[in-house]
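What follows is a single structure, written as structure tokens, with notes after it.
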Amino acid sequence: VRPWSKFYREINWMGTQKLSTGNKVPGCGVQEVTYNPKDQVSREAMAAFLYRLDKATYRGPAISPFSDVQPGHKFYNQITWMHANGLANGTKVPGKKPKFAPQEAVSREAMAAFIYRYQKATANAPATSPFADMKRGDKFYKEIAWMHAMKLSTGNTQPAGKPKYAPKDQVSREAMGAFIYRLKH
């Protein structure tokens, strides 16, 4: 990430605030770390970013609330903290505990829901969508419209008309840096 990179200020802030520890480059004599701004954010990384933003010190329970995240998992405390604070309930699995899917990429709609819950926001869904590809009744519509109202997301500009939110798209690490930065600034 260079000073002219998209979202440089936001990504640099993520590092200086220790919200992101980056990715260590193997085999370097001097410890090199990269941010990989175009990579997708995993659900476990999203948990880590919010946990660190909250300055949480939560220690996960002996028994996990999720079937696919067990004690000893790299981000166990962060993921179970999300559950304990009502930020993530996982995906229901008939007859079993819900799944968190820690290594799956977080979608833009799920990210909006996590941040909305993290902020303990309460909002009414607007009658008119701020985004061309979202309408009242869509999954996480209220949370996504709130992101726009709070100026956390501007969407993707279109040649004409409203911007698009792209709710099913995966969140890039550079966009995640921008969303979290905007929460605090």
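Identifiers in this document derive from the order of the structure tokens: chains are assigned A, B, ..., residues are numbered from 1 separately in each chain, and ligands are numbered from 1 in order of occurrence.
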Where does stretch 31-101 of chain A meet stretch 156-179 of chain A within 12 Å, residue by residue, with the nearest atom pair and distance in Å to one decimal for each, counting only C-alpha atoms, listed by chain and rising number, as a Markdown table?
```
| residue | atom | partner | partner_atom | distance |
| --- | --- | --- | --- | --- |
| A:Thr34 | CA | A:Arg173 | CA | 11.4 |
| A:Tyr35 | CA | A:Arg173 | CA | 7.7 |
| A:Asn36 | CA | A:Arg173 | CA | 7.0 |
| A:Pro37 | CA | A:Glu174 | CA | 4.5 |
| A:Lys38 | CA | A:Ser172 | CA | 5.5 |
| A:Asp39 | CA | A:Ser172 | CA | 5.5 |
| A:Gln40 | CA | A:Ser172 | CA | 4.3 |
| A:Val41 | CA | A:Arg173 | CA | 5.4 |
| A:Ser42 | CA | A:Val171 | CA | 8.5 |
| A:Arg43 | CA | A:Val171 | CA | 9.9 |
| A:Ala45 | CA | A:Arg173 | CA | 9.5 |
| A:Met46 | CA | A:Met176 | CA | 8.3 |
| A:Ala47 | CA | A:Met176 | CA | 11.8 |
| A:Phe49 | CA | A:Met176 | CA | 9.1 |
| A:Leu50 | CA | A:Met176 | CA | 10.7 |
| A:Leu53 | CA | A:Gly177 | CA | 11.6 |
```
So which bits of stretch 5-160 of chain A end up alpha helix (DSSP H) when you DSSP the backbone, as a PDB file with C-alpha atoms, in the first residue's frame?
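In the end it all went to out_31.pdb:
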```
ATOM      1  CA  TYR A   8      -4.301   4.645   1.732  1.00  0.00           C
ATOM      2  CA  ARG A   9      -5.261   6.861   4.694  1.00  0.00           C
ATOM      3  CA  GLU A  10      -7.856   4.359   5.890  1.00  0.00           C
ATOM      4  CA  ILE A  11      -5.592   1.318   5.493  1.00  0.00           C
ATOM      5  CA  ASN A  12      -2.659   3.088   7.151  1.00  0.00           C
ATOM      6  CA  TRP A  13      -4.961   4.014  10.055  1.00  0.00           C
ATOM      7  CA  MET A  14      -6.012   0.338  10.365  1.00  0.00           C
ATOM      8  CA  GLY A  15      -2.333  -0.552  10.823  1.00  0.00           C
ATOM      9  CA  THR A  16      -1.403   2.274  13.193  1.00  0.00           C
ATOM     10  CA  ARG A  43     -15.577 -13.689   8.177  1.00  0.00           C
ATOM     11  CA  GLU A  44     -12.928 -14.498  10.809  1.00  0.00           C
ATOM     12  CA  ALA A  45     -10.921 -11.395   9.820  1.00  0.00           C
ATOM     13  CA  MET A  46     -14.083  -9.284  10.090  1.00  0.00           C
ATOM     14  CA  ALA A  47     -14.526 -10.650  13.620  1.00  0.00           C
ATOM     15  CA  ALA A  48     -10.907  -9.763  14.442  1.00  0.00           C
ATOM     16  CA  PHE A  49     -11.231  -6.203  13.080  1.00  0.00           C
ATOM     17  CA  LEU A  50     -14.351  -5.470  15.158  1.00  0.00           C
ATOM     18  CA  TYR A  51     -12.935  -7.178  18.258  1.00  0.00           C
ATOM     19  CA  ARG A  52      -9.812  -5.033  18.073  1.00  0.00           C
ATOM     20  CA  LEU A  53     -11.837  -1.897  17.306  1.00  0.00           C
ATOM     21  CA  TYR A  76     -11.949 -18.267  18.547  1.00  0.00           C
ATOM     22  CA  ASN A  77     -12.186 -15.421  21.068  1.00  0.00           C
ATOM     23  CA  GLN A  78     -13.074 -12.891  18.387  1.00  0.00           C
ATOM     24  CA  ILE A  79     -15.725 -15.070  16.741  1.00  0.00           C
ATOM     25  CA  THR A  80     -17.362 -16.125  20.008  1.00  0.00           C
ATOM     26  CA  TRP A  81     -17.236 -12.476  21.154  1.00  0.00           C
ATOM     27  CA  MET A  82     -19.335 -11.607  18.096  1.00  0.00           C
ATOM     28  CA  HIS A  83     -21.850 -14.261  19.123  1.00  0.00           C
ATOM     29  CA  ALA A  84     -21.887 -13.234  22.795  1.00  0.00           C
ATOM     30  CA  ARG A 108     -21.248  -6.691   1.687  1.00  0.00           C
ATOM     31  CA  GLU A 109     -24.736  -7.336   3.078  1.00  0.00           C
ATOM     32  CA  ALA A 110     -23.409  -9.425   6.002  1.00  0.00           C
ATOM     33  CA  MET A 111     -20.745  -6.795   6.699  1.00  0.00           C
ATOM     34  CA  ALA A 112     -23.488  -4.135   6.874  1.00  0.00           C
ATOM     35  CA  ALA A 113     -25.424  -6.276   9.346  1.00  0.00           C
ATOM     36  CA  PHE A 114     -22.338  -6.866  11.530  1.00  0.00           C
ATOM     37  CA  ILE A 115     -21.522  -3.147  11.650  1.00  0.00           C
ATOM     38  CA  TYR A 116     -25.158  -2.154  12.258  1.00  0.00           C
ATOM     39  CA  ARG A 117     -25.304  -4.537  15.222  1.00  0.00           C
ATOM     40  CA  TYR A 118     -21.854  -3.463  16.429  1.00  0.00           C
ATOM     41  CA  TYR A 141     -32.075  -3.565   3.452  1.00  0.00           C
ATOM     42  CA  LYS A 142     -32.483  -1.592   6.684  1.00  0.00           C
ATOM     43  CA  GLU A 143     -28.848  -2.137   7.665  1.00  0.00           C
ATOM     44  CA  ILE A 144     -27.540  -1.239   4.214  1.00  0.00           C
ATOM     45  CA  ALA A 145     -29.711   1.905   3.984  1.00  0.00           C
ATOM     46  CA  TRP A 146     -28.426   2.849   7.448  1.00  0.00           C
ATOM     47  CA  MET A 147     -24.829   2.438   6.213  1.00  0.00           C
ATOM     48  CA  HIS A 148     -25.626   4.967   3.480  1.00  0.00           C
ATOM     49  CA  ALA A 149     -27.425   7.373   5.832  1.00  0.00           C
TER      50      ALA A 149
END
```
Worksheet entry | Spatial neighbours of A:Phe66, max dist 12 Å, only C-alpha atoms, sep filter under 2 positions, as a ChimeraX atom specification | /A:60-64,68-71,73,76,79-84,88-93,96-102
Worksheet entry | Straight-line distance linking atom CA of A:Val106 with atom CA of A:His185, stated in Å to one decimal | 23.0 Å
Discussion item. Could you pull out the strand (DSSP E or B) residues of chain A, going by DSSP on the backbone, and write them as a VMD selection string?
Written reply: chain A and resid 23 to 24 33 to 34 40 42 91 to 93 96 to 99 105 107 156 164 170 172
Take the residues from that selection and put them in a file with N, CA, C and O atoms, as a PDB file, in the first residue's frame.
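Ended up saving to result-v4.pdb:
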```pdb
ATOM      1  N   ASN A  23      -0.462  -9.310   6.680  1.00  0.00           N
ATOM      2  CA  ASN A  23      -0.077 -10.680   6.344  1.00  0.00           C
ATOM      3  C   ASN A  23       1.438 -10.750   6.270  1.00  0.00           C
ATOM      4  O   ASN A  23       2.054 -10.009   5.505  1.00  0.00           O
ATOM      5  N   LYS A  24       2.032 -11.621   7.063  1.00  0.00           N
ATOM      6  CA  LYS A  24       3.480 -11.756   7.085  1.00  0.00           C
ATOM      7  C   LYS A  24       3.966 -12.413   5.800  1.00  0.00           C
ATOM      8  O   LYS A  24       3.384 -13.378   5.320  1.00  0.00           O
ATOM      9  N   VAL A  33       5.443  -7.189   6.051  1.00  0.00           N
ATOM     10  CA  VAL A  33       4.011  -7.375   6.230  1.00  0.00           C
ATOM     11  C   VAL A  33       3.305  -6.669   5.085  1.00  0.00           C
ATOM     12  O   VAL A  33       3.672  -5.557   4.708  1.00  0.00           O
ATOM     13  N   THR A  34       2.299  -7.337   4.527  1.00  0.00           N
ATOM     14  CA  THR A  34       1.496  -6.734   3.466  1.00  0.00           C
ATOM     15  C   THR A  34       0.040  -6.651   3.929  1.00  0.00           C
ATOM     16  O   THR A  34      -0.384  -7.413   4.802  1.00  0.00           O
ATOM     17  N   GLN A  40     -10.075 -10.489  -0.503  1.00  0.00           N
ATOM     18  CA  GLN A  40     -11.380 -10.474   0.157  1.00  0.00           C
ATOM     19  C   GLN A  40     -11.203 -10.642   1.666  1.00  0.00           C
ATOM     20  O   GLN A  40     -10.271 -11.304   2.118  1.00  0.00           O
ATOM     21  N   SER A  42     -12.202 -12.272   5.042  1.00  0.00           N
ATOM     22  CA  SER A  42     -12.872 -13.471   5.548  1.00  0.00           C
ATOM     23  C   SER A  42     -13.743 -13.085   6.739  1.00  0.00           C
ATOM     24  O   SER A  42     -13.548 -12.045   7.368  1.00  0.00           O
ATOM     25  N   THR A  91     -25.164 -19.456  10.588  1.00  0.00           N
ATOM     26  CA  THR A  91     -26.149 -20.019   9.658  1.00  0.00           C
ATOM     27  C   THR A  91     -26.724 -21.274  10.284  1.00  0.00           C
ATOM     28  O   THR A  91     -25.973 -22.171  10.679  1.00  0.00           O
ATOM     29  N   LYS A  92     -28.037 -21.337  10.355  1.00  0.00           N
ATOM     30  CA  LYS A  92     -28.702 -22.486  10.967  1.00  0.00           C
ATOM     31  C   LYS A  92     -28.435 -23.759  10.183  1.00  0.00           C
ATOM     32  O   LYS A  92     -28.423 -23.759   8.960  1.00  0.00           O
ATOM     33  N   VAL A  93     -28.217 -24.838  10.947  1.00  0.00           N
ATOM     34  CA  VAL A  93     -28.022 -26.170  10.393  1.00  0.00           C
ATOM     35  C   VAL A  93     -29.028 -27.068  11.116  1.00  0.00           C
ATOM     36  O   VAL A  93     -28.966 -27.177  12.336  1.00  0.00           O
ATOM     37  N   LYS A  96     -28.346 -29.266  14.389  1.00  0.00           N
ATOM     38  CA  LYS A  96     -26.979 -29.024  14.867  1.00  0.00           C
ATOM     39  C   LYS A  96     -26.821 -27.571  15.287  1.00  0.00           C
ATOM     40  O   LYS A  96     -27.695 -26.742  15.074  1.00  0.00           O
ATOM     41  N   LYS A  97     -25.658 -27.270  15.837  1.00  0.00           N
ATOM     42  CA  LYS A  97     -25.314 -25.884  16.137  1.00  0.00           C
ATOM     43  C   LYS A  97     -25.162 -25.123  14.821  1.00  0.00           C
ATOM     44  O   LYS A  97     -24.801 -25.712  13.797  1.00  0.00           O
ATOM     45  N   PRO A  98     -25.363 -23.808  14.844  1.00  0.00           N
ATOM     46  CA  PRO A  98     -25.154 -23.029  13.616  1.00  0.00           C
ATOM     47  C   PRO A  98     -23.682 -23.017  13.215  1.00  0.00           C
ATOM     48  O   PRO A  98     -22.799 -23.286  14.022  1.00  0.00           O
ATOM     49  N   LYS A  99     -23.447 -22.707  11.940  1.00  0.00           N
ATOM     50  CA  LYS A  99     -22.079 -22.562  11.418  1.00  0.00           C
ATOM     51  C   LYS A  99     -21.740 -21.082  11.322  1.00  0.00           C
ATOM     52  O   LYS A  99     -22.591 -20.262  11.000  1.00  0.00           O
ATOM     53  N   ALA A 105     -15.515 -15.682   2.545  1.00  0.00           N
ATOM     54  CA  ALA A 105     -15.477 -14.227   2.374  1.00  0.00           C
ATOM     55  C   ALA A 105     -16.770 -13.631   2.912  1.00  0.00           C
ATOM     56  O   ALA A 105     -17.846 -14.218   2.764  1.00  0.00           O
ATOM     57  N   SER A 107     -19.783 -11.146   2.810  1.00  0.00           N
ATOM     58  CA  SER A 107     -20.500 -10.391   1.781  1.00  0.00           C
ATOM     59  C   SER A 107     -20.737  -8.967   2.271  1.00  0.00           C
ATOM     60  O   SER A 107     -20.711  -8.692   3.471  1.00  0.00           O
ATOM     61  N   ASN A 156     -21.325   2.046  -5.277  1.00  0.00           N
ATOM     62  CA  ASN A 156     -20.510   2.134  -6.490  1.00  0.00           C
ATOM     63  C   ASN A 156     -21.221   3.031  -7.493  1.00  0.00           C
ATOM     64  O   ASN A 156     -22.329   2.721  -7.936  1.00  0.00           O
ATOM     65  N   LYS A 164     -24.890   1.682  -6.975  1.00  0.00           N
ATOM     66  CA  LYS A 164     -25.227   0.309  -6.629  1.00  0.00           C
ATOM     67  C   LYS A 164     -24.478  -0.078  -5.358  1.00  0.00           C
ATOM     68  O   LYS A 164     -23.345   0.348  -5.149  1.00  0.00           O
ATOM     69  N   GLN A 170     -18.323  -9.757  -2.424  1.00  0.00           N
ATOM     70  CA  GLN A 170     -17.447  -9.915  -1.275  1.00  0.00           C
ATOM     71  C   GLN A 170     -16.783  -8.576  -0.950  1.00  0.00           C
ATOM     72  O   GLN A 170     -16.534  -7.775  -1.837  1.00  0.00           O
ATOM     73  N   SER A 172     -13.765  -6.265  -0.093  1.00  0.00           N
ATOM     74  CA  SER A 172     -12.309  -6.249  -0.239  1.00  0.00           C
ATOM     75  C   SER A 172     -11.697  -5.679   1.036  1.00  0.00           C
ATOM     76  O   SER A 172     -12.336  -4.946   1.789  1.00  0.00           O
TER      77      SER A 172
END
```
Discussion item. Given only C-alpha atoms as the basis, pick out the residue of A:Leu19, A:Met150, A:Ile180, A:Met134 nearest to A:Thr122.
Written reply: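 Ranking A:Leu19, A:Met150, A:Ile180, A:Met134 by distance to A:Thr122, first place goes to A:Met150.
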